[in-house]
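**Student:** Please find start_18.pdb (PDB, C-alpha atoms and all ligand atoms) on the next line:
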```pdb
ATOM      1  CA  MET A   9      29.224 117.908   3.114
ATOM      2  CA  GLN A  10      27.370 118.344  -0.178
ATOM      3  CA  ARG A  11      29.575 121.028  -1.725
ATOM      4  CA  PHE A  12      28.897 119.706  -5.248
ATOM      5  CA  ALA A  13      25.123 119.315  -5.135
ATOM      6  CA  GLY A  14      23.833 120.329  -8.567
ATOM      7  CA  LYS A  15      27.343 120.521 -10.040
ATOM      8  CA  ALA A  16      28.400 118.828 -13.293
ATOM      9  CA  VAL A  17      31.924 117.430 -13.248
ATOM     10  CA  LEU A  18      34.264 115.682 -15.697
ATOM     11  CA  VAL A  19      37.116 113.567 -14.284
ATOM     12  CA  THR A  20      39.806 111.908 -16.428
ATOM     13  CA  GLY A  21      41.798 108.950 -15.133
ATOM     14  CA  ALA A  22      38.644 107.980 -13.243
ATOM     15  CA  ALA A  23      39.106 104.195 -13.331
ATOM     16  CA  SER A  24      41.974 103.980 -10.855
ATOM     17  CA  GLY A  25      43.942 105.560  -8.025
ATOM     18  CA  ILE A  26      43.568 109.327  -7.517
ATOM     19  CA  GLY A  27      41.006 109.736 -10.326
ATOM     20  CA  LEU A  28      38.768 107.020  -8.907
ATOM     21  CA  ALA A  29      39.061 108.436  -5.379
ATOM     22  CA  THR A  30      38.226 111.912  -6.730
ATOM     23  CA  THR A  31      35.209 110.598  -8.634
ATOM     24  CA  LYS A  32      33.956 108.934  -5.449
ATOM     25  CA  ARG A  33      34.578 112.040  -3.339
ATOM     26  CA  LEU A  34      32.903 114.525  -5.693
ATOM     27  CA  ALA A  35      29.949 112.249  -6.470
ATOM     28  CA  GLY A  36      29.659 111.521  -2.735
ATOM     29  CA  GLU A  37      29.310 115.268  -2.193
ATOM     30  CA  GLY A  38      26.472 115.471  -4.694
ATOM     31  CA  ALA A  39      28.157 115.959  -8.096
ATOM     32  CA  ARG A  40      27.003 114.391 -11.316
ATOM     33  CA  VAL A  41      30.232 113.017 -12.767
ATOM     34  CA  LEU A  42      31.239 111.965 -16.273
ATOM     35  CA  ALA A  43      33.991 109.501 -15.328
ATOM     36  CA  CYS A  44      36.494 109.164 -18.183
ATOM     37  CA  ASP A  45      39.331 106.710 -18.742
ATOM     38  CA  ALA A  46      41.013 104.703 -21.498
ATOM     39  CA  ASN A  47      40.736 101.453 -19.529
ATOM     40  CA  ALA A  48      37.246 100.397 -20.611
ATOM     41  CA  ASP A  49      36.817  97.271 -18.471
ATOM     42  CA  LEU A  50      38.070  98.835 -15.245
ATOM     43  CA  LEU A  51      36.145 102.073 -15.786
ATOM     44  CA  ARG A  52      32.847 100.280 -16.427
ATOM     45  CA  LYS A  53      33.363  98.053 -13.381
ATOM     46  CA  GLU A  54      34.168 100.953 -11.044
ATOM     47  CA  ALA A  55      31.426 103.219 -12.437
ATOM     48  CA  GLN A  56      28.883 100.427 -12.018
ATOM     49  CA  ALA A  57      29.999  99.923  -8.406
ATOM     50  CA  LEU A  58      29.629 103.650  -7.674
ATOM     51  CA  ALA A  59      26.245 103.833  -9.390
ATOM     52  CA  GLY A  60      25.230 100.853  -7.232
ATOM     53  CA  GLN A  61      25.980 103.019  -4.179
ATOM     54  CA  GLY A  62      23.509 105.602  -5.477
ATOM     55  CA  LEU A  63      26.149 107.967  -6.880
ATOM     56  CA  GLU A  64      25.544 109.724 -10.217
ATOM     57  CA  VAL A  65      28.576 108.495 -12.146
ATOM     58  CA  VAL A  66      28.451 107.916 -15.908
ATOM     59  CA  PRO A  67      31.423 106.222 -17.612
ATOM     60  CA  ARG A  68      32.933 107.432 -20.887
ATOM     61  CA  VAL A  69      35.817 105.562 -22.478
ATOM     62  CA  PHE A  70      38.385 107.473 -24.502
ATOM     63  CA  ASP A  71      42.092 108.143 -24.754
ATOM     64  CA  VAL A  72      43.113 111.714 -23.824
ATOM     65  CA  ARG A  73      45.638 111.602 -26.689
ATOM     66  CA  ASP A  74      42.630 111.906 -29.033
ATOM     67  CA  SER A  75      41.826 115.633 -28.907
ATOM     68  CA  ALA A  76      38.557 115.189 -30.815
ATOM     69  CA  ALA A  77      37.454 112.613 -28.230
ATOM     70  CA  CYS A  78      38.327 115.092 -25.446
ATOM     71  CA  GLY A  79      36.004 117.628 -27.070
ATOM     72  CA  GLU A  80      33.249 115.041 -27.479
ATOM     73  CA  ALA A  81      33.494 114.107 -23.778
ATOM     74  CA  VAL A  82      33.058 117.742 -22.756
ATOM     75  CA  ALA A  83      30.097 117.969 -25.157
ATOM     76  CA  GLU A  84      28.564 114.893 -23.507
ATOM     77  CA  VAL A  85      28.729 116.474 -20.033
ATOM     78  CA  VAL A  86      26.942 119.554 -21.332
ATOM     79  CA  ALA A  87      24.354 117.519 -23.275
ATOM     80  CA  ARG A  88      23.707 115.159 -20.357
ATOM     81  CA  PHE A  89      23.916 117.501 -17.340
ATOM     82  CA  GLY A  90      23.177 120.863 -19.019
ATOM     83  CA  LYS A  91      26.528 122.493 -18.097
ATOM     84  CA  LEU A  92      30.083 121.916 -16.895
ATOM     85  CA  ASP A  93      31.196 123.249 -13.499
ATOM     86  CA  VAL A  94      34.443 121.391 -12.806
ATOM     87  CA  LEU A  95      37.118 119.658 -14.908
ATOM     88  CA  CYS A  96      39.615 117.394 -13.129
ATOM     89  CA  ASN A  97      42.536 116.312 -15.346
ATOM     90  CA  ILE A  98      43.956 113.290 -13.538
ATOM     91  CA  ALA A  99      44.852 110.746 -16.275
ATOM     92  CA  GLY A 100      48.593 110.296 -16.518
ATOM     93  CA  VAL A 101      51.447 107.856 -17.040
ATOM     94  CA  LEU A 102      54.802 107.413 -15.314
ATOM     95  CA  MET A 103      58.062 106.232 -16.865
ATOM     96  CA  PHE A 104      61.402 105.412 -15.243
ATOM     97  CA  LYS A 105      64.347 104.977 -17.605
ATOM     98  CA  HIS A 106      67.918 106.104 -18.113
ATOM     99  CA  PHE A 107      67.631 109.308 -20.134
ATOM    100  CA  THR A 108      69.780 108.268 -23.108
ATOM    101  CA  GLU A 109      67.831 105.007 -23.475
ATOM    102  CA  LEU A 110      64.529 106.794 -24.065
ATOM    103  CA  THR A 111      63.026 106.366 -27.518
ATOM    104  CA  ASP A 112      61.247 109.121 -29.421
ATOM    105  CA  GLU A 113      58.025 107.142 -28.975
ATOM    106  CA  GLU A 114      58.402 106.916 -25.193
ATOM    107  CA  TRP A 115      59.112 110.646 -24.798
ATOM    108  CA  THR A 116      56.226 111.534 -27.115
ATOM    109  CA  LYS A 117      53.808 109.167 -25.363
ATOM    110  CA  VAL A 118      54.389 110.698 -21.916
ATOM    111  CA  PHE A 119      53.893 114.225 -23.274
ATOM    112  CA  ALA A 120      50.891 113.225 -25.399
ATOM    113  CA  ILE A 121      49.045 111.881 -22.349
ATOM    114  CA  ASN A 122      50.314 114.061 -19.502
ATOM    115  CA  VAL A 123      50.464 117.410 -21.325
ATOM    116  CA  ASN A 124      48.609 117.340 -24.653
ATOM    117  CA  GLY A 125      45.676 115.552 -23.010
ATOM    118  CA  VAL A 126      45.389 118.288 -20.376
ATOM    119  CA  PHE A 127      45.653 120.946 -23.104
ATOM    120  CA  ALA A 128      42.885 119.359 -25.195
ATOM    121  CA  MET A 129      40.572 118.917 -22.194
ATOM    122  CA  CYS A 130      41.113 122.487 -20.976
ATOM    123  CA  ARG A 131      40.618 123.953 -24.444
ATOM    124  CA  ALA A 132      37.317 122.125 -24.864
ATOM    125  CA  ALA A 133      36.108 122.867 -21.322
ATOM    126  CA  ILE A 134      36.916 126.552 -20.864
ATOM    127  CA  PRO A 135      34.087 127.968 -23.052
ATOM    128  CA  HIS A 136      31.615 126.080 -20.830
ATOM    129  CA  LEU A 137      33.430 126.970 -17.591
ATOM    130  CA  LEU A 138      33.172 130.640 -18.586
ATOM    131  CA  GLU A 139      29.375 130.211 -18.549
ATOM    132  CA  THR A 140      29.292 128.597 -15.084
ATOM    133  CA  ARG A 141      32.277 130.483 -13.576
ATOM    134  CA  GLY A 142      33.637 127.010 -13.011
ATOM    135  CA  ASN A 143      37.115 125.707 -12.397
ATOM    136  CA  ILE A 144      39.832 123.245 -13.376
ATOM    137  CA  VAL A 145      42.006 121.082 -11.134
ATOM    138  CA  ASN A 146      45.008 119.479 -12.823
ATOM    139  CA  ILE A 147      47.157 116.810 -11.201
ATOM    140  CA  ALA A 148      50.801 117.785 -11.609
ATOM    141  CA  SER A 149      53.405 116.289  -9.236
ATOM    142  CA  VAL A 150      56.338 117.214  -7.032
ATOM    143  CA  ALA A 151      58.259 115.687  -9.949
ATOM    144  CA  GLY A 152      57.297 118.883 -11.779
ATOM    145  CA  MET A 153      58.971 120.982  -9.081
ATOM    146  CA  VAL A 154      62.211 119.131  -8.324
ATOM    147  CA  GLY A 155      64.243 116.946 -10.659
ATOM    148  CA  VAL A 156      63.551 113.231 -10.313
ATOM    149  CA  PRO A 157      66.334 111.059 -11.748
ATOM    150  CA  TYR A 158      65.540 108.511 -14.468
ATOM    151  CA  ASN A 159      62.156 110.220 -14.771
ATOM    152  CA  ALA A 160      62.929 113.077 -17.194
ATOM    153  CA  PRO A 161      59.879 112.877 -19.474
ATOM    154  CA  TYR A 162      57.530 112.571 -16.492
ATOM    155  CA  SER A 163      59.226 115.405 -14.554
ATOM    156  CA  ALA A 164      59.237 117.638 -17.624
ATOM    157  CA  SER A 165      55.598 116.827 -18.390
ATOM    158  CA  LYS A 166      54.458 117.590 -14.834
ATOM    159  CA  GLY A 167      56.401 120.867 -14.833
ATOM    160  CA  ALA A 168      54.455 121.688 -17.988
ATOM    161  CA  VAL A 169      51.134 120.824 -16.314
ATOM    162  CA  LEU A 170      51.967 123.082 -13.368
ATOM    163  CA  MET A 171      52.862 126.040 -15.600
ATOM    164  CA  LEU A 172      49.930 125.419 -17.959
ATOM    165  CA  SER A 173      47.687 125.645 -14.891
ATOM    166  CA  LYS A 174      49.261 128.919 -13.747
ATOM    167  CA  ALA A 175      49.138 130.451 -17.241
ATOM    168  CA  LEU A 176      45.440 129.606 -17.600
ATOM    169  CA  ALA A 177      44.733 130.874 -14.075
ATOM    170  CA  VAL A 178      46.139 134.275 -15.037
ATOM    171  CA  GLU A 179      44.449 134.380 -18.434
ATOM    172  CA  TYR A 180      40.964 133.575 -17.084
ATOM    173  CA  ALA A 181      40.976 135.082 -13.564
ATOM    174  CA  SER A 182      39.058 138.217 -14.498
ATOM    175  CA  ARG A 183      36.400 136.117 -16.236
ATOM    176  CA  GLY A 184      35.701 133.991 -13.145
ATOM    177  CA  VAL A 185      37.359 130.702 -14.093
ATOM    178  CA  ARG A 186      39.827 129.340 -11.528
ATOM    179  CA  VAL A 187      42.619 126.930 -12.491
ATOM    180  CA  ASN A 188      44.728 125.089  -9.920
ATOM    181  CA  ALA A 189      47.170 122.210  -9.792
ATOM    182  CA  VAL A 190      47.843 119.636  -7.119
ATOM    183  CA  CYS A 191      51.417 118.410  -6.707
ATOM    184  CA  PRO A 192      51.339 115.088  -4.890
ATOM    185  CA  GLY A 193      54.418 113.288  -3.676
ATOM    186  CA  SER A 194      54.271 109.555  -3.267
ATOM    187  CA  VAL A 195      50.723 108.183  -3.347
ATOM    188  CA  LEU A 196      49.876 104.506  -3.002
ATOM    189  CA  THR A 197      48.123 103.684  -6.289
ATOM    190  CA  PRO A 198      48.539 101.112  -9.075
ATOM    191  CA  MET A 199      50.861 103.634 -10.805
ATOM    192  CA  THR A 200      53.442 103.427  -8.040
ATOM    193  CA  SER A 201      53.024  99.846  -6.856
ATOM    194  CA  GLY A 202      55.946  97.801  -8.068
ATOM    195  CA  VAL A 203      57.777 100.762  -9.636
ATOM    196  CA  THR A 204      61.526 100.310  -9.353
ATOM    197  CA  PRO A 205      64.442 102.444 -10.532
ATOM    198  CA  PRO A 206      66.148 101.179 -13.701
ATOM    199  CA  ALA A 207      69.156  98.868 -13.486
ATOM    200  CA  HIS A 208      72.409 100.573 -12.483
ATOM    201  CA  ALA A 209      70.569 103.590 -11.063
ATOM    202  CA  GLU A 210      72.415 105.730  -8.499
ATOM    203  CA  LEU A 211      70.142 104.843  -5.572
ATOM    204  CA  PRO A 212      71.409 107.582  -3.167
ATOM    205  CA  LEU A 213      69.813 110.092  -5.543
ATOM    206  CA  PHE A 214      66.420 108.906  -4.327
ATOM    207  CA  ALA A 215      67.186 109.495  -0.635
ATOM    208  CA  ARG A 216      66.126 113.166  -0.660
ATOM    209  CA  LEU A 217      62.971 112.303  -2.605
ATOM    210  CA  SER A 218      61.442 110.321   0.260
ATOM    211  CA  PRO A 219      58.442 111.699   2.134
ATOM    212  CA  LEU A 220      59.045 112.453   5.839
ATOM    213  CA  ILE A 221      55.708 110.991   6.931
ATOM    214  CA  ASP A 222      54.941 107.776   5.083
ATOM    215  CA  HIS A 223      52.995 107.733   1.792
ATOM    216  CA  ALA A 224      49.630 109.260   0.911
ATOM    217  CA  GLN A 225      46.453 107.386   0.128
ATOM    218  CA  PRO A 226      44.583 108.462  -3.042
ATOM    219  CA  GLU A 227      41.663 109.634  -0.893
ATOM    220  CA  GLU A 228      43.935 112.253   0.712
ATOM    221  CA  ILE A 229      44.689 113.742  -2.702
ATOM    222  CA  ALA A 230      40.999 113.540  -3.635
ATOM    223  CA  GLY A 231      40.189 115.619  -0.530
ATOM    224  CA  ALA A 232      42.511 118.351  -1.769
ATOM    225  CA  VAL A 233      41.026 118.225  -5.267
ATOM    226  CA  ALA A 234      37.557 118.561  -3.751
ATOM    227  CA  TYR A 235      38.641 121.606  -1.727
ATOM    228  CA  LEU A 236      40.170 123.344  -4.770
ATOM    229  CA  ALA A 237      37.126 122.521  -6.919
ATOM    230  CA  SER A 238      34.675 123.797  -4.281
ATOM    231  CA  ASP A 239      33.464 127.317  -3.580
ATOM    232  CA  GLU A 240      35.532 127.243  -0.364
ATOM    233  CA  ALA A 241      38.542 127.861  -2.622
ATOM    234  CA  ARG A 242      36.983 130.977  -4.214
ATOM    235  CA  PHE A 243      40.204 132.950  -3.617
ATOM    236  CA  VAL A 244      42.540 130.165  -4.762
ATOM    237  CA  THR A 245      43.705 130.211  -8.349
ATOM    238  CA  GLY A 246      47.066 129.532  -9.984
ATOM    239  CA  SER A 247      48.216 127.526  -6.995
ATOM    240  CA  GLY A 248      50.275 124.346  -7.070
ATOM    241  CA  LEU A 249      49.098 122.691  -3.863
ATOM    242  CA  VAL A 250      51.918 120.489  -2.619
ATOM    243  CA  ILE A 251      50.866 117.333  -0.765
ATOM    244  CA  ASP A 252      54.095 115.435  -0.331
ATOM    245  CA  GLY A 253      54.670 114.531   3.314
ATOM    246  CA  GLY A 254      57.438 117.121   3.543
ATOM    247  CA  GLN A 255      59.406 115.694   0.606
ATOM    248  CA  THR A 256      60.190 119.054  -0.974
ATOM    249  CA  ALA A 257      60.559 120.945   2.340
ATOM    250  CA  ILE A 258      64.146 119.814   2.877
TER
HETATM  251  N1  LIG A 301      50.680 107.945  -7.515
HETATM  252  C1  LIG A 301      51.538 108.898  -7.276
HETATM  253  O1  LIG A 301      52.455 108.750  -6.430
HETATM  254  C2  LIG A 301      51.416 110.201  -8.000
HETATM  255  C3  LIG A 301      52.220 111.272  -7.576
HETATM  256  C4  LIG A 301      52.136 112.494  -8.225
HETATM  257  C5  LIG A 301      51.273 112.630  -9.292
HETATM  258  N2  LIG A 301      50.511 111.570  -9.703
HETATM  259  C6  LIG A 301      49.638 111.798 -10.844
HETATM  260  O2  LIG A 301      48.314 111.536 -10.461
HETATM  261  C7  LIG A 301      47.563 111.107 -11.597
HETATM  262  C8  LIG A 301      46.854 109.812 -11.267
HETATM  263  O3  LIG A 301      47.828 108.830 -10.984
HETATM  264  P1  LIG A 301      47.518 107.507 -10.149
HETATM  265  O4  LIG A 301      48.642 107.320  -9.230
HETATM  266  O5  LIG A 301      46.130 107.550  -9.660
HETATM  267  O6  LIG A 301      47.707 106.433 -11.315
HETATM  268  P2  LIG A 301      46.798 105.205 -11.825
HETATM  269  O7  LIG A 301      47.670 104.474 -12.773
HETATM  270  O8  LIG A 301      46.207 104.492 -10.665
HETATM  271  O9  LIG A 301      45.627 105.942 -12.610
HETATM  272  C9  LIG A 301      45.849 106.605 -13.822
HETATM  273  C10 LIG A 301      44.621 106.430 -14.687
HETATM  274  O10 LIG A 301      44.831 107.169 -15.904
HETATM  275  C11 LIG A 301      44.346 106.378 -16.969
HETATM  276  N3  LIG A 301      45.025 106.740 -18.218
HETATM  277  C12 LIG A 301      46.336 106.544 -18.516
HETATM  278  N4  LIG A 301      46.572 106.930 -19.774
HETATM  279  C13 LIG A 301      45.393 107.383 -20.272
HETATM  280  C14 LIG A 301      45.007 107.923 -21.520
HETATM  281  N5  LIG A 301      45.881 108.039 -22.533
HETATM  282  N6  LIG A 301      43.721 108.318 -21.691
HETATM  283  C15 LIG A 301      42.824 108.186 -20.689
HETATM  284  N7  LIG A 301      43.134 107.650 -19.496
HETATM  285  C16 LIG A 301      44.406 107.268 -19.283
HETATM  286  C17 LIG A 301      44.675 104.947 -16.568
HETATM  287  O11 LIG A 301      43.900 103.997 -17.306
HETATM  288  C18 LIG A 301      44.380 104.958 -15.093
HETATM  289  O12 LIG A 301      43.043 104.590 -14.813
HETATM  290  C19 LIG A 301      48.565 110.991 -12.743
HETATM  291  O13 LIG A 301      48.502 112.155 -13.533
HETATM  292  C20 LIG A 301      49.889 110.893 -12.024
HETATM  293  O14 LIG A 301      50.954 111.327 -12.825
HETATM  294  C21 LIG A 301      50.578 110.376  -9.077
END
```
Re-express the file's structure as structure tokens.
Ligand SMILES: NC(=O)c1ccc[n+]([C@@H]2O[C@H](COP(=O)([O-])OP(=O)(O)OC[C@H]3O[C@@H](n4cnc5c(N)ncnc54)[C@H](O)[C@@H]3O)[C@@H](O)[C@H]2O)c1

**Tutor:**
Amino acid sequence: MQRFAGKAVLVTGAASGIGLATTKRLAGEGARVLACDANADLLRKEAQALAGQGLEVVPRVFDVRDSAACGEAVAEVVARFGKLDVLCNIAGVLMFKHFTELTDEEWTKVFAINVNGVFAMCRAAIPHLLETRGNIVNIASVAGMVGVPYNAPYSASKGAVLMLSKALAVEYASRGVRVNAVCPGSVLTPMTSGVTPPAHAELPLFARLSPLIDHAQPEEIAGAVAYLASDEARFVTGSGLVIDGGQTAI
């Protein structure tokens, strides 16, 4: 499939996990991708590897907490590729802690990356997406749909991403810009490897948060992002596509 031939795409969180798999998938289907991440060494290494496979992937290092840098990245896509067709907001951070032990800085950091970063990217991208009748795919989480214990800032931030996506979908539907979210459950990536609940956590609380069919690979989430970002999803906007192995079905 070459659903993204001739398309210009910006992916955040592109150095690792779901963002890297999405970059590979979209570039593999013909997209020209500005691959963005704060981890300079990893991003350059992965982008070089993809370029070595003949994929059109250009790295850009910045922190999504810097709203001016978000705007400059969008401007680079337009300057380099002539337009922007698809924005994938995938950069994010996870935090497990007892709620009353959270510091102001920790709460603010999770929101600054997971929510403010998505806001700044969408705000910069939408004027260009209006020109191409393009679309946005944001990575929320099932943690934004059901409460996850010891994970309050993350859960709250992902709920915000889901509702931001729906609000933008409504606001821009008549002008041809689609906005969707993906809500993954447990995906095997560096974010989740080695994550453990905090000391003295009530472990039975996690029992109902387990997927019914193993864990997902990042490529399986990337496939869903590619569908939503493609013209096959012309009638899909404002959705929160749940990919969680049945976790939230029970
Ligand atoms: N892995 C899961 O089980 C899972 C489940 C649901 C949702 N998600 C969401 O999917 C997205 C990707 O997660 P992942 O599992 O691939 O994690 P990951 O840690 O493998 O990748 C996240 C990437 O985001 C980048 N990043 C972090 N902070 C940044 C910042 N301030 N500016 C720019 N880049 C930054 C990191 O450098 C990293 O490359 C996240 O938004 C995460 O919350 C993950």

**Student:** Let me know the centre plus edge lengths, in Å and rounded to one decimal, of a box with edges along x, y and z that contains all listed atoms of ligand LIG 301 (chain A) and is padded by 8 Å on every side, as AutoDock Vina command-line options.

**Tutor:**
```
--center_x 47.6 --center_y 108.3 --center_z -14.5 --size_x 25.6 --size_y 24.6 --size_z 32.1
```

**Student:** Using all atoms listed in the file, find each residue with an atom at most 8 Å away from ligand LIG 301 (chain A) and format the answer as an MDAnalysis selection string.

**Tutor:** chainID A and resid 20:28 44:47 50:51 69:73 97:102 120:122 125 147:151 162 166 191:200 224 226

**Student:** Step by step, work through what the PyMOL selection byres (((chain A and resi 205) around 12) and not hetatm) selects in the shown file, and finish by giving those residues as a VMD selection string.

**Tutor:** chain A and resid 102 to 106 156 to 159 200 202 to 204 206 to 214

**Student:** Write out as a short mmCIF file (atom, residue, chain, number, x, y, z; two decimals) with C-alpha atoms, in the coordinates of the input each polymer residue whose atoms come within 8 Å of segment 142-145 of chain A, counting only C-alpha atoms; drop sequence neighbours fewer than 6 positions from it.

**Tutor:**
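Saved to around11.cif:
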```
data_model
loop_
_atom_site.label_atom_id
_atom_site.label_comp_id
_atom_site.auth_asym_id
_atom_site.auth_seq_id
_atom_site.Cartn_x
_atom_site.Cartn_y
_atom_site.Cartn_z
CA LEU A 92 30.08 121.92 -16.90
CA ASP A 93 31.20 123.25 -13.50
CA VAL A 94 34.44 121.39 -12.81
CA LEU A 95 37.12 119.66 -14.91
CA CYS A 96 39.62 117.39 -13.13
CA ASN A 97 42.54 116.31 -15.35
CA CYS A 130 41.11 122.49 -20.98
CA GLY A 184 35.70 133.99 -13.14
CA VAL A 185 37.36 130.70 -14.09
CA ARG A 186 39.83 129.34 -11.53
CA VAL A 187 42.62 126.93 -12.49
CA ASN A 188 44.73 125.09 -9.92
CA ALA A 189 47.17 122.21 -9.79
CA VAL A 190 47.84 119.64 -7.12
CA VAL A 233 41.03 118.22 -5.27
CA LEU A 236 40.17 123.34 -4.77
CA ALA A 237 37.13 122.52 -6.92
#
```

**Student:** If I take atom CA of Ala39 of chain A and atom CA of Phe12 of chain A, how far is one from the other in Å, to one decimal?

**Tutor:**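 Going from atom CA of Ala39 of chain A over to atom CA of Phe12 of chain A covers 4.8 Å.
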
**Student:** For Ala13 of chain A, please output as a PyMOL selection string all residues within 12 Å (counting all atoms listed in the file; exclusion window: fewer than 2 positions along the same chain).

**Tutor:** chain A and resi 9-11+15-17+34-41+63-64+93+238-239

**Student:** Translate the PyMOL selection byres (((chain A and resi 230) around 7) and not hetatm), as applied to the file shown, into an explicit residue set as a JSON list (two decimals) with C-alpha atoms, keeping the file's coordinate frame.

**Tutor:**
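Ended up saving to result_0.json:
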```
[["chain", "number", "residue", "atom", "x", "y", "z"],
["A", 26, "ILE", "CA", 43.57, 109.33, -7.52],
["A", 29, "ALA", "CA", 39.06, 108.44, -5.38],
["A", 30, "THR", "CA", 38.23, 111.91, -6.73],
["A", 33, "ARG", "CA", 34.58, 112.04, -3.34],
["A", 226, "PRO", "CA", 44.58, 108.46, -3.04],
["A", 227, "GLU", "CA", 41.66, 109.63, -0.89],
["A", 228, "GLU", "CA", 43.94, 112.25, 0.71],
["A", 229, "ILE", "CA", 44.69, 113.74, -2.70],
["A", 231, "GLY", "CA", 40.19, 115.62, -0.53],
["A", 232, "ALA", "CA", 42.51, 118.35, -1.77],
["A", 233, "VAL", "CA", 41.03, 118.22, -5.27],
["A", 234, "ALA", "CA", 37.56, 118.56, -3.75]]
```

**Student:** Mind giving me the straight-line distance from atom CA of Val244 of chain A to atom CA of Ala83 of chain A in Å, one decimal?

**Tutor:**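 Interatomic distance, atom CA of Val244 of chain A to atom CA of Ala83 of chain A: 26.8 Å.
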
**Student:** Determine the residue membership of the PyMOL selection byres (((chain A and resi 59) around 12) and not hetatm) for the file above and supply it as an NGL selection string.

**Tutor:** :A and (31-32 or 35-36 or 40-43 or 51-58 or 60-67)

**Student:** So which residues fall inside 9 Å of (53.6, 109.5, 2.5) if we count all atoms listed in the file? Mind giving them as a list in words?

**Tutor:**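 The answer, in the requested form, is Gly193, Ser194, Val195, Leu196, Ser218, Pro219, Leu220, Ile221, Asp222, His223, Ala224, Gln225, Ile251, Asp252, Gly253, Gly254 and Gln255 of chain A.
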
**Student:** What does the distance from atom CA of Phe243 of chain A to atom CA of Leu176 of chain A come to in Å, to one decimal?

**Tutor:**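 According to the coordinates, atom CA of Phe243 of chain A and atom CA of Leu176 of chain A are separated by 15.3 Å.
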
**Student:** Of the candidates A:Ala241, A:Ala177, A:Val154, A:Met171, which one gets nearest to Ala257 of chain A if we count only C-alpha atoms?

**Tutor:**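 Looking only at the distances to Ala257 of chain A, the closest residue turns out to be A:Val154.
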
**Student:** For Ala181 of chain A, which residue out of A:Val169, A:Leu137, A:Ala87, A:Ala81 is the nearest one, using only C-alpha atoms?

**Tutor:**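 Nearest to Ala181 of chain A: A:Leu137.
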